[in-house]
Structures are given as C-alpha cells and as structure tokens.
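Have a look at the structure below, then the notes.
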2 protein chains.
Amino acid sequence: MREVAIVGIGQTPVGELWDKSLRHLGHDAVVAAMQDAGITTANALYVGNMLSGELAGQEHLATLIADFVGLRGIEAAKIEAACASGAAALRTGIMAVASGMADVVIAAGVEKMTDTLPDETTAGLALAADQEYEVAEGATFLALNAMLMQRYMHEFGVEKKHFAPFPVNAHQNAVNNPNAMFPMAISAGKYERATVVAPPINILDSSPICDGAAAVVLVPADRAAEFGAGKRVVRIVASASATDTLAVHDRRDPLYLEAAYLSSHRAYALAGFTPADIDLFELHDAFSIMSVLSLEACGFAARGQGVELGQSGAIAIDGSLPITTMGGLKARGHPVGATGIYQIVELVQQLRGEAGANQVAHAHVGMAQNIGGSGATIVTHILVGDD
Amino acid sequence: MREVAIVGIGQTPVGELWDKSLRHLGHDAVVAAMQDAGITTANALYVGNMLSGELAGQEHLATLIADFVGLRGIEAAKIEAACASGAAALRTGIMAVASGMADVVIAAGVEKMTDTLPDETTAGLALAADQEYEVAEGATFLALNAMLMQRYMHEFGVEKKHFAPFPVNAHQNAVNNPNAMFPMAISAGKYERATVVAPPINILDSSPICDGAAAVVLVPADRAAEFGAGKRVVRIVASASATDTLAVHDRRDPLYLEAAYLSSHRAYALAGFTPADIDLFELHDAFSIMSVLSLEACGFAARGQGVELGQSGAIAIDGSLPITTMGGLKARGHPVGATGIYQIVELVQQLRGEAGANQVAHAHVGMAQNIGGSGATIVTHILVGDD
C-alpha cells in the first residue's frame, strides 16, 4: 500500500455566499488547491456533499464540478455520509492513491445551505437521522443533541456554564481566520446569557447553517516532492471510519460515541500512536456536547471528564491539546459536506507552519475527526508534517 | 496493488416493491450476498444510490443499512454518480480491497422509486442533468434521449424500426430471469406499434421506474478460495471511470459518448484486452439509443453501425456479443443506483455458469458498463471467470 501525502489545499470563505452557486464554490476551492499543488490536471475528483439534491436540485455534482473546473474526462463521484461526507470523500481519495489506481486525486467538500429557507435546510439536515424512527417523531438534530447534553449534565453532575470554554475557544481562534464565518471573540458571560434554542442548547452551542467549499490534492508520498513548490509535505499516516446506529435511542449508551472510539483507535493502531502523540485535534464541534463526547471517546479524557479539558485551558492554541484552532464548526462554520475537508485544510496549515497568529508551536502530528449524524458515521485521520 | 475477486452475489426482484422500504431492500440484497460468500461480517459497505434523500427522505443511507443488516461498527458510505452510482460504489470497494485498507468489502446498490408519484420520480431523475442549463429549460432525460435518437436517425440514415432488436432481445432474455420486472417476450411488430412517449422514443425504448437492490462481496483474489464455498471465482481485471459534460449541448459531439470511449479503453488497457476478447457485455440500455451509442464508443461497431449489431443477431445469447443477457435495464428493470450492481451480479452468474437457460456458452470474459446522466459519468468493469 502506498503512503499518501497532501500537496495542495484550497478553501473558500464560509458564510452566506448568495453570489456563488454549488459549481462556483466547488470551482473556487478545487482551483485553489490545484494552484497550491502546482498541478493542471488530476486523475479523479471525489466530492463530499450531503444536500445538493435536496437544497439545490442537483445530483451528479462531482461530474458537474469536474467539468466546470476544466477537468472533463477524469473520474468523478460524490460521497455522502451526512456531515461526515467530507472526510469520507478524503478517504475515498486516499484509497484511490494508496491502491495505485490513481496518482493525483482531488478530494473536495462542497455545501450550499443558505439558498433555501431555514426550515427547509433544517428538514434537509434531518435526512441524516433515522427517517422512520426519529424524524417521523419530529426529532431534529438540535433536539437530539439537546437531549444528549441534558442527559450528560444529569449523569455527570456538570453545569451548563462548564461548556463555555468550547465556544469561547472556537470564536477566539476564528478571529484570526480570514475564512471564518464568525470571526469575533465571545465571553463566557455572553455564552451563559445566549438565547436558548432547545434547552439546554443555546445559540452559542450550535454551529451555523452556511455555504462553503474546500479541497485537497493527494499524491503518493514518495512523489510528493514533485508537487507543491517546496512547501512542507504532510503525510496521511492513518485513515479510519466506523459507524453506529443512526437512531440515538438504539445505542448501547447514548453518551458514549462508540464509532468515535472505533475510528480513533483504528487510526491510532495504524499510525502506531496513542492520544498523547497528538499535538492538535480538529474535532467536530457541531454542538458543544459533541466536542466533549468526542474527546472522551478518543481517549483524551475519562468518561464525564471532557469538560475539564475546556476548563483547564488545555484546548487553547497554547494548551496541551489545541482544538478547533481556526474556529471549528462553531465559528469557522459548518457547511456540512465540506466540513471534513476544511478540517484537513486547517490541519495542513498548522503542520506546514502556515497558521499565522493561530500557529500551534511544534505542531507535528495532527488529528481530524468528522462526525455524521449524532455520532453514526465517524471518520478519523491522522496527519504528520515532515520536518 | 492487490487483485480483487467477487466471491458473493445477491439481488432482490426488481419491480414495484411497495412492501419493502429502502433499508429492507438493502438488507435483502446484502444478506443474500453475504450468505453466497459464506461471511458473517465485513470491513466496509459502500452503497450506490441516487435518490434516497429526494424520494424517501433518507440520506446517510449506507450507515443505516450497515446497522440494519447487523454490521454496526463497520465503515459505510453512500456513493452517488447519478445512474452510474452502483458501478461507482463497486469501484470504491475495489479501491478499498486493492489498497489493502480492507479485506472484505460489500458493494451494494439500492433504489426505491415507486413510493412517490411518477412526476416526482421523473423530477428526481432530472437532478442528474444540469440543473441550471438543462432542467431549467424543462429537459427531462426522456427528452434528452429523444433528441439524441432523432439526431442519430437523421445523421446516419437509420429508421426507427432498426432499433427493435435491442428491446426484443432484452425482453426475450428477461423471460428466464426470475428477478426481472418484465419477463415477457415482445415482437418487433409490437415495438413498432408501441405508444410513443417522446418522439421517436416509445415506451418499449424506455427502461422502467422501479425498486430493487443488489450486492456483491469483494475480497483479495489470492484469498478468494477461502470464500464462496467452492463456487467459481470471478476476478475483476479492470475498473475504469470517466466523465463528460453533464449538459448534452456542451459535448463536442452529442452522438459520441466520449466518456464511454475513455472508460472502456482505459479498461481494455488495464486488462490487456481488445473488444474482440469480450465474451458478453452488460451495457446500459436505459434507452435503445444508449445501447447503440455505447456499442460504438466501446469499439464494437463503427460510428453509425451500432444498430447493425442488433439486426445481425450478434447481441443474442448465442450471438458473437451477447448483451443484456438477463433482461438489461429495459426488461430486468432500472432501479437507478442499483443498476450497476445488478449488471455485475448478472455477469458473475454468467461467468460462474449459473445463468440457467440464458447461459452464454464459453463465457470467460465479461464487461459491464454503467452510465450516469446522458453519458456524463461512465464506469466500465471487466471480469474474468477462473476455470
């Protein structure tokens, strides 16, 4: 199996991008990644996307974008795994290069969520839940996560205010990210006073509906020096995906993300690492409670102790385990099918030493985790920046 | 790169399956393939599907099916490339095994198109065309294919009746397929008198809206003997995908399927074959004109000569190039995201010698081609049955 490296990255700003259609967003991110890698063609384009059919009336999206960026003829396919679509597309690209079936692959994520009414978009997002056993009962993702957060607080004696460091950290980091949707700092007090959306979740616990696209260029690691014009090479040392039940009520323990445990520990085994080897972690903070559950299942905190990592300052840029270093889903934004690729683009920025004011010192090993549904599909990647 | 073999196949009947939901269809095909392979678990499930979100209100489909068949925890993702979704899912599975990232993979295709009104399903299918430049003008797939057929007849001096052998052959072969939607023979006269839907296309030129699911089990070829209880091993000797513009009017030549040329010739090069080496060809007869264009682009007939293959009898079970040997899209049915896997299941039946009354004599090398949109994404596989 060939090792795979990332030699190009590209992203659009995240926000309400009403002057860009799906194909334009895809174009902008893919072309930026190709320019960063110094390539003019590729063998394949895999696009992570969840809702192009429902919200934009367009399936067959990968082939459309391949043509629109001038790559007519190459392989193209869309990969869908709800909000984990981006990382699933990356994983497909890794398999293509690792197998030797392709040499130069573009993995992208694209989502457009703001051309429809908020109710339509919320209904679209609910397609990631179990239609017959959750959605039919009126459960949205917000409702499901609210129940998880409520139960967590009850089970572990945690108070609402203890979650504040997660959005506070994300917003602080977004200030220095020119592509972030919400580049403004917030205080713990503002978090505590924020409008409640579904108790106990308030608006500052929740990642926004938005548009965006990101892309990376993958090549065999042993050929990486041919690309990227001398930029530091970032190798993918582990890729792992795992699943759980779609319906939260079917889980053995709703507060334990089994798929996060499985995919992170498969990744650790592939890389020969333990959690202590991870220098920074781009996790999936769609809601504050998801950050906490992810940290616990991935072995960074014991059960019920995830909030402590926030309280202790460990999650800050200068902490022992920086997370959401460019703003995360909360403040950079969460264009669902694109998020998994944004996480990878930001990790590469860190591992190249290109993260500017948010640079994590001595960033050598980075982990990214992308979550679909309320923990049903979880994809973990570990990247290493070469010296 | 590891060679990949198919050691298990499964399929549901194709039809209006109102008593089965998406997850049940997926379950039935996957479990049948697992039983055929003699496995009780797998590393990953890739599901080809186009319209689960639009027509059933369910995305995140692969993870849902993985859980429903008792495979909670394994990797799962949905692959979408319009009507080529099935073959694209197969290709993803091949990459997973070829790379060594997985040892036992299930590639499935699932589609449910009859729980909605025909107009809604037709609108859903149009999502595979260019939303902004074709669909906005009211072009359905039927309309686009009708224009292609009309232009072909004009350009090459072919009459409508010359297309009759394609649906006649498909229906004849479906008679012996217990899973076919339309297992009844039709005559050339019936074809000529059939109700016109969009001139010159009549109802017997058109594959039906229907439900169905199919699945295959993939393992490394050098481990194939461990599976399948002594059934003949079928190796995948070539897998290739190529794209063209979504919009037909953007093509250099609307009557030449460039993506079919590219993907078939990439496949020939990978396998070291020429068209003369292919014993049978499961092509994508969504409309009669597509069969003809595919045969020409893949090198089985010169430009404008594709209909001759039908007239000559070459496409029959006992001809020199049998096609649609179990009924094809026209008569077995075309549950869009599942079709690419049905083609592979049927090829395996032929290469194993399990095709019953429709067995092609001396079937050793089989080709399958799955087409998304009006020729925009085309995936070609070549399979070899071991002696």
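Chain lettering (A, B, ...) mirrors the order of the structure tokens, residue numbering begins at 1 for each chain separately, and ligand numbering begins at 1 in order of display.
Taken over all Cα atoms in order, the superposition of chain A onto chain B returns an RMSD of 0.0 Å.
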If you count only C-alpha atoms, which residues fall within 9 Å of range 25-33 of chain B, apart from same-chain ones fewer than 3 positions away, as a ChimeraX atom specification?
/B:7-12,17,20-22,36-40,47,62,65-66,68-69,106-112,211-217
Go ahead and dump the residues you just picked, C-alpha atoms, as a PDB file, in the first residue's frame.
```pdb
ATOM      1  CA  VAL B   7     -16.996 -14.181  -4.029  1.00  0.00           C
ATOM      2  CA  GLY B   8     -20.634 -13.415  -3.263  1.00  0.00           C
ATOM      3  CA  ILE B   9     -23.668 -12.024  -5.081  1.00  0.00           C
ATOM      4  CA  GLY B  10     -27.191 -11.115  -4.013  1.00  0.00           C
ATOM      5  CA  GLN B  11     -30.210  -9.401  -5.525  1.00  0.00           C
ATOM      6  CA  THR B  12     -33.869  -8.696  -4.892  1.00  0.00           C
ATOM      7  CA  LEU B  17     -41.912  -3.294  -4.214  1.00  0.00           C
ATOM      8  CA  LYS B  20     -40.215  -3.062   1.232  1.00  0.00           C
ATOM      9  CA  SER B  21     -38.524   0.132   2.405  1.00  0.00           C
ATOM     10  CA  LEU B  22     -35.035   1.210   1.384  1.00  0.00           C
ATOM     11  CA  ASP B  36     -23.432 -16.590  -1.001  1.00  0.00           C
ATOM     12  CA  ALA B  37     -19.907 -15.679   0.109  1.00  0.00           C
ATOM     13  CA  GLY B  38     -20.220 -17.508   3.400  1.00  0.00           C
ATOM     14  CA  ILE B  39     -19.325 -14.466   5.507  1.00  0.00           C
ATOM     15  CA  THR B  40     -20.874 -13.094   8.678  1.00  0.00           C
ATOM     16  CA  VAL B  47     -23.896   1.753  -1.226  1.00  0.00           C
ATOM     17  CA  ALA B  62     -25.144   3.296   3.880  1.00  0.00           C
ATOM     18  CA  ILE B  65     -28.229  -0.289   6.045  1.00  0.00           C
ATOM     19  CA  ALA B  66     -24.983  -1.376   7.719  1.00  0.00           C
ATOM     20  CA  PHE B  68     -29.936  -2.845   9.767  1.00  0.00           C
ATOM     21  CA  VAL B  69     -28.085  -5.911   8.478  1.00  0.00           C
ATOM     22  CA  ILE B 106     -19.644  -5.293   0.355  1.00  0.00           C
ATOM     23  CA  ALA B 107     -20.602  -3.098  -2.593  1.00  0.00           C
ATOM     24  CA  ALA B 108     -24.329  -2.656  -2.951  1.00  0.00           C
ATOM     25  CA  GLY B 109     -26.820  -0.643  -4.943  1.00  0.00           C
ATOM     26  CA  VAL B 110     -30.261   0.287  -3.656  1.00  0.00           C
ATOM     27  CA  GLU B 111     -33.033   2.398  -5.140  1.00  0.00           C
ATOM     28  CA  LYS B 112     -36.705   2.960  -4.327  1.00  0.00           C
ATOM     29  CA  ASP B 211     -37.330  -0.568  -6.980  1.00  0.00           C
ATOM     30  CA  GLY B 212     -34.529  -3.013  -6.350  1.00  0.00           C
ATOM     31  CA  ALA B 213     -31.244  -3.780  -4.638  1.00  0.00           C
ATOM     32  CA  ALA B 214     -28.188  -5.884  -5.446  1.00  0.00           C
ATOM     33  CA  ALA B 215     -24.879  -6.550  -3.712  1.00  0.00           C
ATOM     34  CA  VAL B 216     -21.512  -8.219  -4.220  1.00  0.00           C
ATOM     35  CA  VAL B 217     -18.778  -9.299  -1.805  1.00  0.00           C
TER      36      VAL B 217
END
```
Close residues, Gly375 in chain A itself excluded, 12 Å, only C-alpha atoms, min 2 positions apart in chain, as an MDAnalysis selection string
(chainID A and resid 81:84 128:129 141 144:145 148 241:251 253:263 284:287 289:291 293:294 297 369:373 377:379) or (chainID B and resid 60 63 73)
Store the residues of this selection in a file with C-alpha atoms, as a short mmCIF file (atom, residue, chain, number, x, y, z; two decimals), in the first residue's frame.
```cif
data_model
loop_
_atom_site.label_atom_id
_atom_site.label_comp_id
_atom_site.auth_asym_id
_atom_site.auth_seq_id
_atom_site.Cartn_x
_atom_site.Cartn_y
_atom_site.Cartn_z
CA ALA A 81 -22.14 10.16 4.76
CA ALA A 82 -24.22 13.03 6.20
CA CYS A 83 -22.00 15.60 7.95
CA ALA A 84 -19.05 13.19 7.59
CA ALA A 128 -29.14 12.25 8.26
CA ALA A 129 -31.25 10.90 11.12
CA PHE A 141 -30.51 17.25 15.13
CA LEU A 144 -31.29 15.02 19.59
CA ASN A 145 -28.19 16.92 20.71
CA LEU A 148 -27.72 14.26 24.84
CA SER A 241 -14.04 5.12 9.50
CA ALA A 242 -16.60 3.49 11.77
CA THR A 243 -20.35 3.51 12.23
CA ASP A 244 -23.00 3.24 14.91
CA THR A 245 -26.80 3.15 14.75
CA LEU A 246 -28.40 6.13 13.04
CA ALA A 247 -31.05 6.35 15.73
CA VAL A 248 -29.66 7.60 19.02
CA HIS A 249 -32.19 5.54 21.01
CA ASP A 250 -30.71 2.35 19.53
CA ARG A 251 -27.27 2.98 21.03
CA ASP A 253 -25.03 4.08 25.64
CA PRO A 254 -26.18 7.35 24.05
CA LEU A 255 -23.43 9.27 25.87
CA TYR A 256 -20.61 7.15 24.51
CA LEU A 257 -19.65 7.63 20.86
CA GLU A 258 -18.70 4.07 20.02
CA ALA A 259 -17.94 5.00 16.42
CA ALA A 260 -15.53 7.70 17.65
CA TYR A 261 -13.83 5.16 19.85
CA LEU A 262 -13.60 2.65 16.99
CA SER A 263 -12.38 5.04 14.30
CA HIS A 284 -16.41 18.03 15.16
CA ASP A 285 -17.98 20.72 17.38
CA ALA A 286 -21.35 20.84 15.63
CA PHE A 287 -22.71 21.28 19.16
CA ILE A 289 -21.77 18.42 23.67
CA MET A 290 -20.27 16.71 20.60
CA SER A 291 -16.82 18.15 21.42
CA LEU A 293 -18.23 13.27 23.79
CA SER A 294 -15.57 13.11 21.07
CA ALA A 297 -14.34 8.51 23.23
CA GLN A 369 -12.46 13.84 13.23
CA ASN A 370 -15.60 14.31 11.18
CA ILE A 371 -18.97 13.13 12.52
CA GLY A 372 -22.11 12.28 10.53
CA GLY A 373 -25.49 12.34 12.23
CA THR A 377 -20.60 7.78 10.98
CA ILE A 378 -17.24 8.91 12.33
CA VAL A 379 -14.09 9.28 10.25
CA HIS B 60 -26.91 8.66 5.44
CA THR B 63 -24.74 3.61 7.64
CA GLY B 73 -19.36 -0.53 13.58
#
```
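Using only C-alpha atoms, the shortest contact distance between chain B and any of A:Val104, A:Leu270, A:Leu351, A:Ile186 is found at A:Leu270.
Shortest separation to chain B among A:Ala240, A:Leu127, A:Ala136, A:Leu204 occurs at residue A:Leu127, atoms counted being only C-alpha atoms.
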With distances taken over only C-alpha atoms, which of A:Met34, A:Ile79, A:Ile209, A:Leu61 is nearest to Phe182 in chain A?
A:Ile209
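Candidate residues A:Arg266, A:Lys160, A:Arg223, A:His154 were compared for distance to chain B, and the nearest is A:Arg266, using only C-alpha atoms.
Pairwise distance (CA of Ile323 in chain B, CA of Ala77 in chain A) equals 26.2 Å.
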